[in-house]
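Source file start.txt; content: compact mmCIF, C-alpha atoms.
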```txt
# COMPACT_ATOMS: atom_id res chain seq x y z
CA MET W 23 -6.15 37.89 -23.96
CA ALA W 24 -3.00 38.25 -21.86
CA LYS W 25 -0.02 36.18 -22.90
CA ILE W 26 3.07 35.09 -20.98
CA LEU W 27 6.01 33.40 -22.69
CA ILE W 28 8.33 31.53 -20.34
CA LYS W 29 11.67 30.95 -22.08
CA ASN W 30 14.59 28.62 -21.38
CA GLY W 31 13.26 27.15 -18.14
CA ARG W 32 13.85 23.63 -16.87
CA ILE W 33 10.36 22.17 -17.18
CA ILE W 34 9.75 19.71 -14.35
CA ASN W 35 6.43 17.95 -14.88
CA PRO W 36 6.01 14.67 -12.98
CA ALA W 37 2.60 14.01 -14.57
CA ASN W 38 4.35 12.94 -17.78
CA ASN W 39 7.87 12.44 -16.41
CA ILE W 40 9.27 15.47 -18.23
CA ASP W 41 12.47 17.13 -17.01
CA ARG W 42 14.05 19.23 -19.75
CA VAL W 43 14.75 22.79 -20.84
CA THR W 44 12.09 24.24 -23.13
CA ASP W 45 9.50 27.05 -23.41
CA ILE W 46 5.89 27.48 -22.31
CA LEU W 47 3.33 29.90 -23.74
CA VAL W 48 0.38 30.93 -21.61
CA GLU W 49 -2.68 32.49 -23.20
CA GLY W 50 -5.43 33.64 -20.87
CA ASN W 51 -5.87 31.09 -18.11
CA LYS W 52 -4.57 28.09 -20.07
CA ILE W 53 -1.26 26.69 -21.26
CA ALA W 54 -1.31 27.24 -25.04
CA SER W 55 1.94 25.66 -26.17
CA ILE W 56 5.05 23.86 -24.92
CA GLY W 57 8.16 23.43 -27.05
CA ASP W 58 11.54 24.72 -28.13
CA GLY W 59 12.00 28.16 -29.64
CA LEU W 60 8.47 29.42 -29.05
CA VAL W 61 7.67 32.97 -30.19
CA ALA W 62 4.54 35.05 -29.72
CA ASP W 63 3.37 38.60 -30.37
CA ASN W 64 2.13 40.98 -27.70
CA CYS W 65 3.25 38.88 -24.75
CA GLU W 66 5.28 39.30 -21.62
CA ILE W 67 8.51 37.32 -21.77
CA ILE W 68 10.02 35.72 -18.68
CA ASP W 69 13.58 34.44 -18.98
CA ALA W 70 13.63 31.35 -16.77
CA GLU W 71 17.18 30.26 -17.51
CA SER W 72 18.64 28.21 -14.62
CA CYS W 73 15.18 28.03 -13.03
CA TRP W 74 12.72 25.22 -12.52
CA VAL W 75 9.34 25.71 -14.15
CA THR W 76 6.82 23.50 -12.37
CA PRO W 77 3.09 23.01 -12.04
CA GLY W 78 1.68 25.30 -9.37
CA LEU W 79 2.33 23.80 -5.95
CA ILE W 80 -0.59 22.27 -4.04
CA ASP W 81 -0.82 22.13 -0.25
CA LEU W 82 -3.21 19.51 1.09
CA HIS W 83 -3.31 20.88 4.62
CA VAL W 84 -3.53 24.50 5.80
CA HIS W 85 -5.34 26.47 8.50
CA PHE W 86 -6.48 29.94 7.43
CA ARG W 87 -8.49 30.54 10.65
CA GLU W 88 -11.44 32.15 8.91
CA PRO W 89 -14.02 32.56 10.31
CA GLY W 90 -13.59 33.25 13.98
CA GLN W 91 -9.83 33.41 14.50
CA THR W 92 -8.75 36.03 12.01
CA HIS W 93 -6.37 37.66 14.48
CA LYS W 94 -4.16 34.66 13.63
CA GLU W 95 -4.73 34.49 9.86
CA ASP W 96 -7.50 34.97 7.33
CA ILE W 97 -8.07 33.83 3.78
CA ALA W 98 -6.46 36.98 2.36
CA SER W 99 -3.25 36.79 4.40
CA GLY W 100 -3.09 33.01 4.11
CA SER W 101 -3.55 33.14 0.35
CA ALA W 102 -0.78 35.72 0.12
CA ALA W 103 1.53 33.42 2.09
CA ALA W 104 0.58 30.57 -0.22
CA ALA W 105 1.40 32.59 -3.33
CA MET W 106 4.77 33.66 -1.91
CA GLY W 107 5.56 30.00 -1.29
CA GLY W 108 4.71 29.03 -4.87
CA PHE W 109 1.30 27.53 -4.12
CA THR W 110 -1.65 27.97 -6.44
CA THR W 111 -4.03 25.59 -4.64
CA VAL W 112 -4.51 24.93 -0.92
CA CYS W 113 -6.91 22.79 1.12
CA VAL W 114 -8.31 24.59 4.17
CA MET W 115 -9.17 22.59 7.27
CA PRO W 116 -12.49 22.88 9.14
CA ASN W 117 -11.40 23.60 12.72
CA THR W 118 -12.46 27.24 12.51
CA ALA W 119 -14.96 29.05 14.75
CA PRO W 120 -17.63 28.02 14.03
CA ILE W 121 -16.51 24.61 12.83
CA GLY W 122 -16.69 23.92 9.10
CA ASP W 123 -19.62 21.55 9.31
CA SER W 124 -22.12 23.25 6.97
CA VAL W 125 -22.82 24.11 3.36
CA GLU W 126 -22.60 27.79 4.36
CA TRP W 127 -19.03 27.29 5.59
CA VAL W 128 -18.02 25.60 2.33
CA HIS W 129 -19.58 28.40 0.30
CA HIS W 130 -17.81 31.03 2.40
CA GLN W 131 -14.36 29.46 1.91
CA ILE W 132 -14.78 29.19 -1.85
CA ALA W 133 -16.31 32.65 -2.25
CA ARG W 134 -13.59 34.33 -0.20
CA GLY W 135 -10.93 32.48 -2.15
CA LYS W 136 -12.35 33.77 -5.42
CA GLU W 137 -12.61 37.27 -3.98
CA VAL W 138 -8.97 37.31 -2.89
CA SER W 139 -7.95 35.51 -6.11
CA LEU W 140 -4.40 34.54 -5.13
CA CYS W 141 -4.90 30.77 -5.14
CA ASP W 142 -7.66 28.18 -5.29
CA ILE W 143 -9.22 27.55 -1.87
CA LEU W 144 -10.49 23.98 -1.59
CA PRO W 145 -12.46 23.23 1.60
CA ILE W 146 -12.00 20.07 3.65
CA ALA W 147 -15.25 19.80 5.62
CA ALA W 148 -15.80 18.43 9.12
CA ILE W 149 -16.85 14.81 9.62
CA THR W 150 -19.10 15.47 12.63
CA ILE W 151 -21.22 18.40 13.72
CA GLY W 152 -19.11 20.77 15.79
CA GLN W 153 -16.32 18.17 15.63
CA LYS W 154 -17.93 16.73 18.75
CA GLY W 155 -17.85 13.19 17.43
CA GLU W 156 -21.53 12.61 18.15
CA GLU W 157 -23.44 13.15 14.89
CA LEU W 158 -22.32 13.19 11.28
CA ALA W 159 -22.22 16.53 9.52
CA PRO W 160 -24.17 16.83 6.22
CA ILE W 161 -21.28 15.31 4.25
CA ALA W 162 -23.07 14.78 0.93
CA ASP W 163 -24.46 18.33 0.91
CA MET W 164 -21.03 19.83 1.72
CA VAL W 165 -19.35 17.82 -1.05
CA ALA W 166 -22.06 18.94 -3.49
CA ALA W 167 -21.29 22.52 -2.40
CA GLY W 168 -17.60 22.11 -3.23
CA ALA W 169 -15.84 20.35 -0.35
CA VAL W 170 -13.07 18.11 -1.72
CA GLY W 171 -12.68 15.91 1.36
CA ILE W 172 -13.70 15.44 4.97
CA SER W 173 -11.66 15.55 8.17
CA GLU W 174 -11.94 15.91 11.91
CA ASP W 175 -8.63 17.73 11.74
CA GLY W 176 -7.05 18.49 15.08
CA MET W 177 -8.47 15.28 16.51
CA SER W 178 -9.67 11.81 15.58
CA VAL W 179 -13.26 10.60 15.49
CA LYS W 180 -13.37 8.56 18.70
CA ASN W 181 -16.43 6.53 17.74
CA ALA W 182 -15.14 4.01 15.19
CA ASN W 183 -18.63 3.05 14.05
CA LEU W 184 -19.49 6.69 13.35
CA LEU W 185 -16.28 7.09 11.37
CA LYS W 186 -17.14 3.92 9.45
CA ASP W 187 -20.47 5.45 8.46
CA ALA W 188 -18.68 8.61 7.31
CA MET W 189 -16.26 6.54 5.26
CA LYS W 190 -19.14 4.76 3.52
CA ILE W 191 -20.55 8.13 2.48
CA ALA W 192 -17.13 9.39 1.38
CA ALA W 193 -16.59 6.22 -0.68
CA LYS W 194 -19.87 6.75 -2.53
CA LEU W 195 -19.00 10.40 -3.18
CA GLY W 196 -15.43 9.64 -4.25
CA VAL W 197 -13.75 12.02 -1.79
CA ALA W 198 -10.95 11.22 0.63
CA VAL W 199 -11.13 11.06 4.39
CA PHE W 200 -8.26 13.16 5.76
CA SER W 201 -7.29 11.52 9.04
CA HIS W 202 -5.58 13.26 11.95
CA CYS W 203 -4.40 10.15 13.80
CA GLU W 204 -4.27 10.53 17.56
CA ASP W 205 -5.83 8.47 20.33
CA ALA W 206 -6.67 11.17 22.87
CA SER W 207 -6.66 8.75 25.79
CA LEU W 208 -3.12 7.63 24.96
CA ALA W 209 -1.96 11.19 24.30
CA ASN W 210 -3.31 12.00 27.77
CA GLY W 211 -2.63 15.72 27.65
CA GLY W 212 0.98 15.35 26.57
CA VAL W 213 2.85 18.28 25.06
CA MET W 214 5.79 16.59 23.31
CA SER W 215 7.01 13.15 22.30
CA GLN W 216 7.34 10.68 25.15
CA GLY W 217 10.91 9.56 25.76
CA LYS W 218 14.20 10.49 27.32
CA ILE W 219 13.92 14.16 26.30
CA SER W 220 10.44 14.59 27.80
CA LYS W 221 11.67 12.95 31.00
CA LYS W 222 14.72 15.22 31.09
CA LEU W 223 12.54 18.32 30.64
CA GLY W 224 9.86 17.13 33.04
CA LEU W 225 7.14 17.46 30.41
CA ARG W 226 4.29 15.01 29.88
CA GLY W 227 4.96 12.96 26.76
CA ILE W 228 2.78 11.58 23.99
CA PRO W 229 3.66 7.96 23.17
CA HIS W 230 4.17 6.82 19.59
CA SER W 231 1.24 4.45 20.03
CA ALA W 232 -1.17 7.41 20.22
CA GLU W 233 -0.57 7.98 16.49
CA ASP W 234 0.05 4.39 15.40
CA VAL W 235 -3.11 2.93 16.93
CA ILE W 236 -5.40 5.28 14.99
CA ILE W 237 -3.45 4.85 11.75
CA ALA W 238 -4.00 1.10 12.06
CA ARG W 239 -7.68 1.52 12.93
CA ASP W 240 -8.42 3.90 10.09
CA ILE W 241 -6.61 1.72 7.54
CA MET W 242 -8.78 -1.23 8.61
CA LEU W 243 -11.96 0.84 8.30
CA ALA W 244 -10.93 2.13 4.90
CA ARG W 245 -10.34 -1.42 3.64
CA GLU W 246 -13.75 -2.45 4.92
CA THR W 247 -15.63 0.51 3.43
CA GLY W 248 -13.66 1.11 0.25
CA ALA W 249 -13.04 4.72 1.22
CA LYS W 250 -10.02 6.71 0.12
CA LEU W 251 -7.97 7.37 3.25
CA HIS W 252 -5.38 10.13 3.45
CA ILE W 253 -3.20 10.03 6.56
CA CYS W 254 -2.23 13.55 7.63
CA HIS W 255 1.17 14.68 8.97
CA VAL W 256 2.82 11.28 9.60
CA ALA W 257 5.54 11.51 12.25
CA THR W 258 6.34 8.01 13.57
CA GLN W 259 8.34 5.13 12.19
CA GLY W 260 5.58 2.75 13.22
CA GLY W 261 3.01 4.82 11.34
CA ALA W 262 5.12 4.76 8.18
CA GLU W 263 5.48 0.98 8.47
CA LEU W 264 1.70 0.57 8.78
CA ILE W 265 1.14 2.75 5.72
CA ALA W 266 3.77 0.89 3.69
CA ASP W 267 2.13 -2.41 4.60
CA ALA W 268 -1.32 -1.09 3.65
CA LYS W 269 -0.03 0.03 0.25
CA LYS W 270 0.90 -3.55 -0.56
CA ARG W 271 -2.82 -4.38 -0.44
CA THR W 272 -4.61 -1.26 -1.67
CA THR W 273 -4.22 1.95 -3.63
CA LEU W 274 -6.79 3.70 -1.44
CA VAL W 275 -4.32 4.77 1.27
CA THR W 276 -2.12 7.85 0.84
CA ALA W 277 -0.09 9.90 3.30
CA GLU W 278 1.55 13.27 3.78
CA ILE W 279 4.37 14.66 5.88
CA ALA W 280 5.17 18.19 7.01
CA PRO W 281 8.74 19.52 6.59
CA HIS W 282 9.30 19.87 10.34
CA HIS W 283 8.78 16.14 10.79
CA PHE W 284 11.57 15.19 8.38
CA ILE W 285 13.97 17.87 9.65
CA LEU W 286 13.57 18.32 13.43
CA SER W 287 13.45 15.90 16.36
CA ASP W 288 12.54 16.07 20.04
CA GLU W 289 16.23 16.71 20.73
CA ASP W 290 15.71 20.22 19.34
CA ILE W 291 13.24 21.02 22.13
CA ASP W 292 14.49 22.89 25.20
CA GLY W 293 11.11 23.23 26.89
CA THR W 294 10.95 27.01 26.57
CA ASN W 295 10.68 27.79 22.85
CA THR W 296 7.03 27.08 22.00
CA ASN W 297 7.73 27.29 18.27
CA PHE W 298 8.83 23.67 18.67
CA LYS W 299 5.41 22.68 20.05
CA MET W 300 3.15 21.04 17.50
CA ASN W 301 0.79 18.11 17.02
CA PRO W 302 1.89 15.50 16.10
CA PRO W 303 4.92 16.33 18.21
CA LEU W 304 8.49 16.22 17.00
CA ARG W 305 9.61 12.62 17.40
CA THR W 306 13.04 11.00 17.77
CA LYS W 307 16.00 11.12 15.41
CA ALA W 308 15.22 7.51 14.52
CA ASP W 309 11.74 8.59 13.46
CA VAL W 310 13.19 11.43 11.36
CA ALA W 311 15.48 8.94 9.61
CA ALA W 312 12.47 6.71 8.97
CA MET W 313 10.51 9.65 7.55
CA LEU W 314 13.32 10.43 5.10
CA GLU W 315 13.39 6.81 4.00
CA ALA W 316 9.59 6.77 3.63
CA LEU W 317 9.75 9.90 1.46
CA ALA W 318 12.38 8.33 -0.77
CA ASP W 319 10.61 4.99 -1.23
CA GLY W 320 7.18 6.52 -1.89
CA THR W 321 5.45 5.48 1.32
CA LEU W 322 4.79 9.16 1.93
CA ASP W 323 3.05 10.55 -1.14
CA ALA W 324 2.94 14.26 -0.42
CA ILE W 325 4.57 17.11 1.45
CA ALA W 326 2.04 19.39 3.15
CA THR W 327 2.75 22.26 5.50
CA ASP W 328 0.02 21.93 8.16
CA HIS W 329 0.34 25.74 8.15
CA ALA W 330 -0.98 26.71 11.59
CA PRO W 331 -0.60 30.41 12.46
CA HIS W 332 -0.99 31.65 16.03
CA HIS W 333 -0.75 35.09 17.58
CA ALA W 334 2.54 35.81 19.35
CA ASP W 335 0.74 36.35 22.66
CA GLU W 336 -0.74 32.86 22.48
CA LYS W 337 2.58 31.23 21.71
CA ALA W 338 4.15 33.17 24.59
CA LYS W 339 2.10 31.31 27.21
CA GLY W 340 4.77 28.67 27.88
CA PHE W 341 5.20 25.12 26.68
CA LEU W 342 2.30 23.71 28.68
CA ALA W 343 -0.32 26.28 27.71
CA ALA W 344 0.77 27.44 24.25
CA PRO W 345 -1.25 26.13 21.29
CA ASN W 346 0.21 23.54 18.94
CA GLY W 347 1.33 24.47 15.45
CA ILE W 348 3.71 26.40 13.23
CA VAL W 349 3.50 28.28 9.93
CA GLY W 350 5.16 26.92 6.82
CA LEU W 351 3.69 28.05 3.51
CA GLU W 352 6.40 30.57 2.68
CA ILE W 353 9.34 28.30 3.49
CA SER W 354 8.28 24.71 2.86
CA LEU W 355 9.66 24.60 -0.68
CA SER W 356 13.01 26.04 0.42
CA LEU W 357 13.23 23.60 3.33
CA ALA W 358 12.40 20.69 1.04
CA ILE W 359 14.94 21.67 -1.62
CA THR W 360 17.62 22.17 1.03
CA GLU W 361 16.95 19.00 3.01
CA LEU W 362 15.82 16.63 0.26
CA VAL W 363 17.17 17.68 -3.15
CA GLU W 364 20.49 19.21 -2.13
CA THR W 365 21.24 16.09 -0.06
CA GLY W 366 20.35 13.76 -2.93
CA ARG W 367 17.45 12.12 -1.15
CA LEU W 368 14.96 13.18 -3.83
CA THR W 369 15.36 14.34 -7.42
CA PRO W 370 13.70 17.60 -8.42
CA LEU W 371 11.10 15.54 -10.32
CA GLN W 372 10.32 13.47 -7.21
CA LEU W 373 10.03 16.58 -5.03
CA ILE W 374 7.61 18.35 -7.36
CA GLU W 375 5.58 15.17 -7.62
CA LYS W 376 5.08 15.28 -3.84
CA MET W 377 4.27 18.99 -3.85
CA SER W 378 2.00 19.17 -6.91
CA ALA W 379 1.21 16.12 -9.04
CA MET W 380 0.40 13.69 -6.22
CA PRO W 381 -1.67 16.19 -4.21
CA ALA W 382 -3.72 16.80 -7.37
CA LYS W 383 -4.17 13.06 -7.85
CA ILE W 384 -5.23 12.58 -4.21
CA LEU W 385 -7.84 15.32 -4.61
CA GLY W 386 -8.93 14.15 -8.04
CA ILE W 387 -8.58 17.61 -9.60
CA ASN W 388 -7.29 18.85 -12.96
CA LYS W 389 -4.16 20.41 -11.54
CA GLY W 390 -0.49 19.56 -11.08
CA ASN W 391 0.26 19.17 -14.77
CA LEU W 392 2.03 21.31 -17.35
CA ALA W 393 0.20 20.30 -20.52
CA VAL W 394 -1.41 22.13 -23.41
CA GLY W 395 -4.94 23.03 -22.36
CA SER W 396 -4.20 22.66 -18.64
CA PRO W 397 -4.85 25.51 -16.19
CA ALA W 398 -2.04 28.06 -16.26
CA ASP W 399 -0.97 27.48 -12.65
CA ILE W 400 2.83 27.65 -12.77
CA THR W 401 5.63 28.13 -10.27
CA ILE W 402 9.07 29.37 -11.35
CA ILE W 403 11.80 28.57 -8.86
CA ASP W 404 15.46 29.52 -8.57
CA PRO W 405 16.77 26.30 -6.95
CA LYS W 406 20.17 27.74 -6.04
CA ALA W 407 19.11 31.08 -4.53
CA LYS W 408 20.39 31.26 -0.95
CA TYR W 409 18.70 33.19 1.83
CA THR W 410 18.24 33.16 5.58
CA ILE W 411 14.75 32.54 6.93
CA ASP W 412 13.42 35.58 8.78
CA PRO W 413 9.80 35.45 9.98
CA ALA W 414 9.73 39.25 10.07
CA ASN W 415 9.61 39.07 6.26
CA PHE W 416 6.55 36.80 6.13
CA VAL W 417 3.30 38.04 4.64
CA SER W 418 1.42 35.54 6.82
CA ARG W 419 0.11 36.99 10.07
CA GLY W 420 1.83 34.13 11.86
CA GLU W 421 5.53 34.18 12.58
CA ASN W 422 5.47 31.09 14.80
CA MET W 423 7.99 28.58 13.44
CA PRO W 424 11.35 27.17 14.60
CA PHE W 425 13.43 27.82 11.47
CA GLY W 426 14.33 31.48 11.97
CA GLY W 427 17.99 32.12 11.14
CA ARG W 428 18.35 28.92 9.12
CA GLU W 429 20.09 29.31 5.75
CA VAL W 430 18.29 27.58 2.91
CA VAL W 431 18.40 27.36 -0.87
CA GLY W 432 15.56 27.54 -3.35
CA LYS W 433 13.35 30.58 -3.75
CA VAL W 434 10.17 31.28 -5.69
CA ARG W 435 10.76 33.88 -8.40
CA HIS W 436 7.30 33.91 -9.93
CA THR W 437 3.93 32.36 -9.15
CA ILE W 438 1.34 32.33 -11.92
CA TYR W 439 -2.25 31.50 -10.94
CA GLY W 440 -4.90 31.21 -13.63
CA GLY W 441 -2.60 32.90 -16.14
CA LYS W 442 -1.90 35.91 -13.93
CA PHE W 443 1.08 36.73 -11.75
CA THR W 444 0.46 36.54 -8.02
CA VAL W 445 4.19 36.79 -7.29
CA LYS W 446 6.60 38.48 -9.64
CA ASP W 447 10.33 38.77 -9.12
CA GLY W 448 9.87 37.46 -5.59
CA ARG W 449 7.28 40.05 -4.61
CA LEU W 450 3.56 39.74 -4.07
CA VAL W 451 1.62 41.35 -6.92
```
Translate the structure of the given file into structure tokens.
Amino acid sequence: MAKILIKNGRIINPANNIDRVTDILVEGNKIASIGDGLVADNCEIIDAESCWVTPGLIDLHVHFREPGQTHKEDIASGSAAAAMGGFTTVCVMPNTAPIGDSVEWVHHQIARGKEVSLCDILPIAAITIGQKGEELAPIADMVAAGAVGISEDGMSVKNANLLKDAMKIAAKLGVAVFSHCEDASLANGGVMSQGKISKKLGLRGIPHSAEDVIIARDIMLARETGAKLHICHVATQGGAELIADAKKRTTLVTAEIAPHHFILSDEDIDGTNTNFKMNPPLRTKADVAAMLEALADGTLDAIATDHAPHHADEKAKGFLAAPNGIVGLEISLSLAITELVETGRLTPLQLIEKMSAMPAKILGINKGNLAVGSPADITIIDPKAKYTIDPANFVSRGENMPFGGREVVGKVRHTIYGGKFTVKDGRLV
């Protein structure tokens, strides 16, 4: 049985509010011991002095494009990107080709994840067949096959009564409904946030109400059905206010944010660089300030990347025609440390809670915890390592993101998944 002894690291474990320097011994695929001055025979020793030792990071929202769009990404390249970013578990969204609306799709995602064996692949299955919003997919069968949630990701279910039926099923099964909140009629083909910048650039804008209206609707339906509702990629101040209000009444509503929505605003858009085109769109500086406040006060439970790789040729089609989305798995931790911890907005314990412990709680899985007997999914991070983001160095097939050339701090030194190194000394194993 392989053993790894991690010495002198700063253990950051939000599950039991631990933040102290000590040792961890891994035996096989489990954590065997935690304490000071640990020793063991026939083991590999990692000196983690000055590093954070955290539960493996968990991303609630990624797009690995398999099947059907593997020129953009596949489960192998996406899993590699996840490992490099310190992630040991990711949730894959169903807007593939064909759509993830079947037991076969769920089985494929899980089987490929095990074959690649760089991180756990947890499928989020489609709510409706073909994501057409007309007929419910076989939700119970897909959950029995291993789906950990349902979503119409990339769009909202237009028919509120159909969504209500799906929520009733999800409530019985104990899985969350992952809601992409956008009223398509209000969005009306817009390509960026509606406001003074969209007017200046002559681009059709998406009003804040397009997101806020669906957040409000879905919260009401969740209260009525008793379903767990997870709001994806929140971007508006109004949306955060609705979520904060809902949390005063129920524990069933949770929410995530992507790093680009707490760092960038529509003022960063020049109308030519399509790496700034995403959905939800970048909002105003006032919205960014509200997102930072919502992260600090706990309104936003988790940080998720919404990792969305596209081929360079597709992103080169211009702002009107280019697809929405950016990649983020390999840089989200660095961006979060730089923008949230270094600025004092979050403590390291609070950050890791949003990137590991809370995602595990939302999914209801035995992850996100450094405890004896827990799975040996561990991320070792140098929080002060400086580097400049260069997409040419990504292992993801996608290089589409707006942070190239930005200097950040915080770098993954080692990722341990199931007791084995997937990243060692900053390199993919």
Enclose range 281-294 of chain W, meaning all of its atoms listed in the file, in a box aligned along x, y and z, pad it by 5 Å on each side, and list the centre and edge lengths in Å to one decimal, as JSON.
```
{"center_x": 12.5, "center_y": 21.1, "center_z": 16.7, "size_x": 17.5, "size_y": 21.8, "size_z": 30.3}
```
* Counting only C-alpha atoms, what is within 8 Å of range 337-343 of chain W, bar same-chain residues fewer than 4 positions away, as a PyMOL selection string? -> chain W and resi 213+293-297+299+332-333+422
Export C-alpha atoms of the chosen residues as a compact mmCIF listing (two decimals), in the frame of the given file?
```txt
# COMPACT_ATOMS: atom_id res chain seq x y z
CA VAL W 213 2.85 18.28 25.06
CA GLY W 293 11.11 23.23 26.89
CA THR W 294 10.95 27.01 26.57
CA ASN W 295 10.68 27.79 22.85
CA THR W 296 7.03 27.08 22.00
CA ASN W 297 7.73 27.29 18.27
CA LYS W 299 5.41 22.68 20.05
CA HIS W 332 -0.99 31.65 16.03
CA HIS W 333 -0.75 35.09 17.58
CA ASN W 422 5.47 31.09 14.80
```
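If you look at CA of Ala311 in chain W and CA of Arg367 in chain W, they are 11.4 Å away from each other.
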Excluding Glu361 in chain W and any residue of its chain fewer than 2 positions from it, enumerate the residues within 10 Å of it, using only C-alpha atoms, and give them as an mmCIF file with C-alpha atoms, in the coordinates of the input.
```
data_model
loop_
_atom_site.group_PDB
_atom_site.id
_atom_site.type_symbol
_atom_site.label_atom_id
_atom_site.label_comp_id
_atom_site.auth_asym_id
_atom_site.auth_seq_id
_atom_site.Cartn_x
_atom_site.Cartn_y
_atom_site.Cartn_z
ATOM 1 C CA PRO W 281 8.740 19.520 6.590
ATOM 2 C CA PHE W 284 11.570 15.190 8.380
ATOM 3 C CA ILE W 285 13.970 17.870 9.650
ATOM 4 C CA LEU W 314 13.320 10.430 5.100
ATOM 5 C CA LEU W 355 9.660 24.600 -0.680
ATOM 6 C CA SER W 356 13.010 26.040 0.420
ATOM 7 C CA LEU W 357 13.230 23.600 3.330
ATOM 8 C CA ALA W 358 12.400 20.690 1.040
ATOM 9 C CA ILE W 359 14.940 21.670 -1.620
ATOM 10 C CA VAL W 363 17.170 17.680 -3.150
ATOM 11 C CA GLU W 364 20.490 19.210 -2.130
ATOM 12 C CA THR W 365 21.240 16.090 -0.060
ATOM 13 C CA GLY W 366 20.350 13.760 -2.930
ATOM 14 C CA ARG W 367 17.450 12.120 -1.150
ATOM 15 C CA LEU W 368 14.960 13.180 -3.830
ATOM 16 C CA VAL W 430 18.290 27.580 2.910
ATOM 17 C CA VAL W 431 18.400 27.360 -0.870
#
```
* From the set W:Ala308, W:Ile161, W:Val170, W:Ile402, which residue has the shortest atom-to-atom contact distance to Asp69 in chain W, counting only C-alpha atoms? ->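 When distances to Asp69 in chain W are compared using only C-alpha atoms, the smallest one comes from W:Ile402.
Candidate residues W:Ala330, W:Ala206, W:Ala379, W:Val125 were compared for distance to Arg87 in chain W, and the nearest is W:Ala330, using all atoms listed in the file.
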* To do: Tell me which of W:Asp58, W:Asp290, W:Asp81, W:Asp96 sits closest to Gly108 in chain W, counting all atoms listed in the file.
  => W:Asp81
Selection: 12 Å around Ala102 in chain W, all atoms listed in the file, excl. self and same-chain fewer than 4 positions, as an mmCIF file with C-alpha atoms, in the frame of the given file:
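part.cif, freshly written:
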```cif
data_model
loop_
_atom_site.group_PDB
_atom_site.id
_atom_site.type_symbol
_atom_site.label_atom_id
_atom_site.label_comp_id
_atom_site.auth_asym_id
_atom_site.auth_seq_id
_atom_site.Cartn_x
_atom_site.Cartn_y
_atom_site.Cartn_z
ATOM 1 C CA PHE W 86 -6.480 29.940 7.430
ATOM 2 C CA GLU W 95 -4.730 34.490 9.860
ATOM 3 C CA ASP W 96 -7.500 34.970 7.330
ATOM 4 C CA ILE W 97 -8.070 33.830 3.780
ATOM 5 C CA ALA W 98 -6.460 36.980 2.360
ATOM 6 C CA MET W 106 4.770 33.660 -1.910
ATOM 7 C CA GLY W 107 5.560 30.000 -1.290
ATOM 8 C CA GLY W 108 4.710 29.030 -4.870
ATOM 9 C CA PHE W 109 1.300 27.530 -4.120
ATOM 10 C CA THR W 110 -1.650 27.970 -6.440
ATOM 11 C CA THR W 111 -4.030 25.590 -4.640
ATOM 12 C CA VAL W 112 -4.510 24.930 -0.920
ATOM 13 C CA GLY W 135 -10.930 32.480 -2.150
ATOM 14 C CA VAL W 138 -8.970 37.310 -2.890
ATOM 15 C CA SER W 139 -7.950 35.510 -6.110
ATOM 16 C CA LEU W 140 -4.400 34.540 -5.130
ATOM 17 C CA CYS W 141 -4.900 30.770 -5.140
ATOM 18 C CA ASP W 142 -7.660 28.180 -5.290
ATOM 19 C CA ILE W 143 -9.220 27.550 -1.870
ATOM 20 C CA LEU W 351 3.690 28.050 3.510
ATOM 21 C CA GLU W 352 6.400 30.570 2.680
ATOM 22 C CA PHE W 416 6.550 36.800 6.130
ATOM 23 C CA VAL W 417 3.300 38.040 4.640
ATOM 24 C CA SER W 418 1.420 35.540 6.820
ATOM 25 C CA ARG W 419 0.110 36.990 10.070
ATOM 26 C CA THR W 437 3.930 32.360 -9.150
ATOM 27 C CA TYR W 439 -2.250 31.500 -10.940
ATOM 28 C CA THR W 444 0.460 36.540 -8.020
ATOM 29 C CA VAL W 445 4.190 36.790 -7.290
ATOM 30 C CA ARG W 449 7.280 40.050 -4.610
ATOM 31 C CA LEU W 450 3.560 39.740 -4.070
ATOM 32 C CA VAL W 451 1.620 41.350 -6.920
#
```
* Excluding same-chain residues fewer than 6 positions from range 186-200 of chain W, what lies within 8 Å of it counting all atoms listed in the file, as a PyMOL selection string? -> chain W and resi 149+158+161-162+165+170-175+243-244+247-254+384-385
* To do: Report the distance between CA of Ala277 in chain W and CA of Ala324 in chain W in Å, rounded to one decimal place.
  =>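 Interatomic distance, CA of Ala277 in chain W to CA of Ala324 in chain W: 6.5 Å.
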* Grab the CA of Gly261 in chain W to CA of Gln216 in chain W distance for me, in Å with one decimal place. => 15.6 Å
* Cut-off 10 Å around (14.5, 36.5, 14.5) with only C-alpha atoms: residues as a list of chain:residue names ->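 The residues near that point, listed by chain and number, are W:Ile411, W:Asp412, W:Pro413, W:Ala414, W:Asn415, W:Glu421, W:Pro424, W:Phe425, W:Gly426, W:Gly427.
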Put those residues in a file: C-alpha atoms, as a PDB file, in the coordinates of the input.
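So result-v2.pdb came out as:
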```
ATOM      1  CA  ILE W 411      14.750  32.540   6.930  1.00  0.00           C
ATOM      2  CA  ASP W 412      13.420  35.580   8.780  1.00  0.00           C
ATOM      3  CA  PRO W 413       9.800  35.450   9.980  1.00  0.00           C
ATOM      4  CA  ALA W 414       9.730  39.250  10.070  1.00  0.00           C
ATOM      5  CA  ASN W 415       9.610  39.070   6.260  1.00  0.00           C
ATOM      6  CA  GLU W 421       5.530  34.180  12.580  1.00  0.00           C
ATOM      7  CA  PRO W 424      11.350  27.170  14.600  1.00  0.00           C
ATOM      8  CA  PHE W 425      13.430  27.820  11.470  1.00  0.00           C
ATOM      9  CA  GLY W 426      14.330  31.480  11.970  1.00  0.00           C
ATOM     10  CA  GLY W 427      17.990  32.120  11.140  1.00  0.00           C
TER      11      GLY W 427
END
```
